[in-house]
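Student: Dropping the structure in here first, questions after.
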Amino acid sequence: MNNYKFWEKYLSDLRVKLNDLLKEKDIFYIDLHMHSNNSSDSNYSLEEILECTKNLDIISVTDHDSLDFYDELYNYLKEHKIDKPLIIPGIEFTISDKVYFSQCHILEYFINPKDKDVVKNVKTNKEASYKRTKEQFKRLKYNKGFMYYVNKYNIKISYLEYINSINELPDYASLFEYLMHKLNEYNVSAKDVLDKCEYYYLMDDYVDRNKTIKDRFNYLKEKYKDNNDLYNPRLLSSVVALRGVDDDMYPNYSKIGSLSVNHYGQITMDELNNKYPLVFAHPNKDKMDYVESKIKLFSGIESNTTNKNEDITRIRKIVKDNDLFITIGSDSHKPNMYLDIEKYKMSKKELEKICKKN
């Protein structure tokens, strides 16, 4: 049965297999941060994951606030045997955090997917994600740049239509795919919305918020200046959900309708269960002081193969000073992440540290 007892046996067998693997060789290829189609921003099926990672030794599927992949894995294991890669059960939690706004991500490994404390954290974040989405649809009416096109073309958008169009938890990725699709029907691009939002946003009379908005738009225009994909949902998200500008941060100011909702009932660091190894995911180099201040909560820090703002030297120092381990993860949401497999190489010594901490 797909219950706590089954997964305890799975984890026990996994530890034996990991110890056997450590005896076989000195170099390993691992990816401990990837997503299945149970995360809104990924299309990987279980079978595709197994095919794409067949040359890796160890993986962990760490969906956003979801354990559904492990129900699928249970059903798969009833009829199939997986010799390679070894799969460490994991999850990526979204944490309510002031420094990272709502984008602080914590990985948890060697979990029992039926553990009541893990399930409780998932339930809290699931309920919170629906709460956030309802708030985002309420805020849209205050976003003059976006609503300019909604009103001009009488575009119909609704919370219920969006929720019924997805098969996973509501998230920024699927929300802005939905909104971009609505705009596409009238040939409105994300760049059109950027220009119109900039016009309205910069009419803001509040100096401190205005400076944040200007800085953000300067960054976006530089980032996307050579990008021809003007119908990119990610660009639309960056414009309409303006990072660092949450209307709740300015309760005495007029609303500008940013869909960046930082605190919506998701779990905090203090509420996160610590029964299994916790790892700080893809920390940015400008946040390393903060990561170090919280380091007692963690068993490791991730070195992310797609994080362009990583300070690996600082990560290694913190890990060494605090007797932690480093993980390697791609944060993969699409196939073909392993063309340069050397990025995923780990020494026997580093893998042993991970195994000892679980």
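Identifiers in this document derive from the order of the structure tokens: chains are assigned A, B, ..., residues are numbered from 1 separately in each chain, and ligands are numbered from 1 in order of occurrence.
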Would you give me, as a list of chain:residue names, the residues in range 72-278 of chain A that DSSP reads as strand (DSSP E or B)?

Tutor: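 Selection result, strand (DSSP E or B) within range 72-278 of chain A: A:Leu86, A:Ile87, A:Gly90, A:Ile91, A:Glu92, A:Phe93, A:Thr94, A:Ile95, A:Ser96, A:Cys104, A:His105, A:Ile106, A:Leu107, A:Glu108, A:Tyr109, A:Thr268, A:Leu278.
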
Student: How would you write, as a VMD selection string, the set of residues in range 202-258 of chain A that DSSP gives as helix (DSSP H, G or I)?

Tutor: chain A and resid 207 to 223 233 to 240 247 to 249

Student: Using only C-alpha atoms, find the one residue out of A:Asp226, A:Asp246, A:Asp215, A:Asp331 that sits nearest to Tyr264 in chain A.

Tutor: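 Nearest candidate to Tyr264 in chain A out of A:Asp226, A:Asp246, A:Asp215, A:Asp331: A:Asp246.
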
Student: Excluding same-chain residues fewer than 5 positions from Val291 in chain A, what lies within 12 Å of it counting only C-alpha atoms, as a VMD selection string?

Tutor: chain A and resid 97 99 to 100 104 to 106 279 to 286 296 to 298 300 to 302 311 314 to 315 318 to 319

Student: Using only C-alpha atoms, which residue out of A:Leu50, A:Leu107, A:Val188, A:Val122 lies closest to Leu32 in chain A?

Tutor: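 Of A:Leu50, A:Leu107, A:Val188, A:Val122, the one nearest Leu32 in chain A, counting only C-alpha atoms, is A:Leu107.
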
Student: With only C-alpha atoms as the atoms that count, which of A:Leu73, A:Ile88, A:Ser45, A:Lys182 lies nearest to Asp31 in chain A?

Tutor: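 Looking only at the distances to Asp31 in chain A, the closest residue turns out to be A:Ile88.
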
Student: For Lys120 in chain A, which residue among A:Ser258, A:Asn184, A:Ser66, A:Ser102 is the nearest when counting only C-alpha atoms?

Tutor: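 Among A:Ser258, A:Asn184, A:Ser66, A:Ser102, it is A:Ser66 that comes nearest to Lys120 in chain A.
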
Student: CA of Arg209 in chain A and CA of Tyr253 in chain A, how far apart in Å?

Tutor: 9.3 Å

Student: Closest to Asn151 in chain A among A:Tyr219, A:Tyr201, A:Leu183, A:Tyr109, using only C-alpha atoms?

Tutor: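 Selected residue with least distance to Asn151 in chain A: A:Leu183.
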
Student: Which residues come within 8 Å of Leu194 in chain A, counting only C-alpha atoms, excluding same-chain residues fewer than 6 positions away, as a PyMOL selection string?

Tutor: chain A and resi 145+236+239

Student: How would the residues just picked look written out with N, CA, C and O atoms as a compact mmCIF listing (two decimals), in the first residue's frame?

Tutor:
# COMPACT_ATOMS: atom_id res chain seq x y z
N GLY A 145 -1.87 49.51 -16.73
CA GLY A 145 -1.23 49.11 -17.98
C GLY A 145 -1.84 47.85 -18.56
O GLY A 145 -2.14 47.78 -19.76
N LEU A 236 5.91 39.03 -19.31
CA LEU A 236 4.66 39.57 -18.80
C LEU A 236 4.62 39.49 -17.28
O LEU A 236 4.21 40.44 -16.60
N VAL A 239 6.68 42.13 -15.58
CA VAL A 239 6.11 43.48 -15.70
C VAL A 239 4.90 43.66 -14.79
O VAL A 239 4.79 44.63 -14.04

Student: What does the structure give for the distance between CA of Leu86 in chain A and CA of Asp57 in chain A, in Å to one decimal?

Tutor: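 Distance reported for this atom pair: 6.2 Å.
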
Student: Identify which of the residues A:Asp20, A:Asp63, A:Glu271, A:Asp321 lies closest to Glu292 in chain A, counting only C-alpha atoms when measuring atom-to-atom distances.

Tutor: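 Result for the nearest residue to Glu292 in chain A: A:Asp321.
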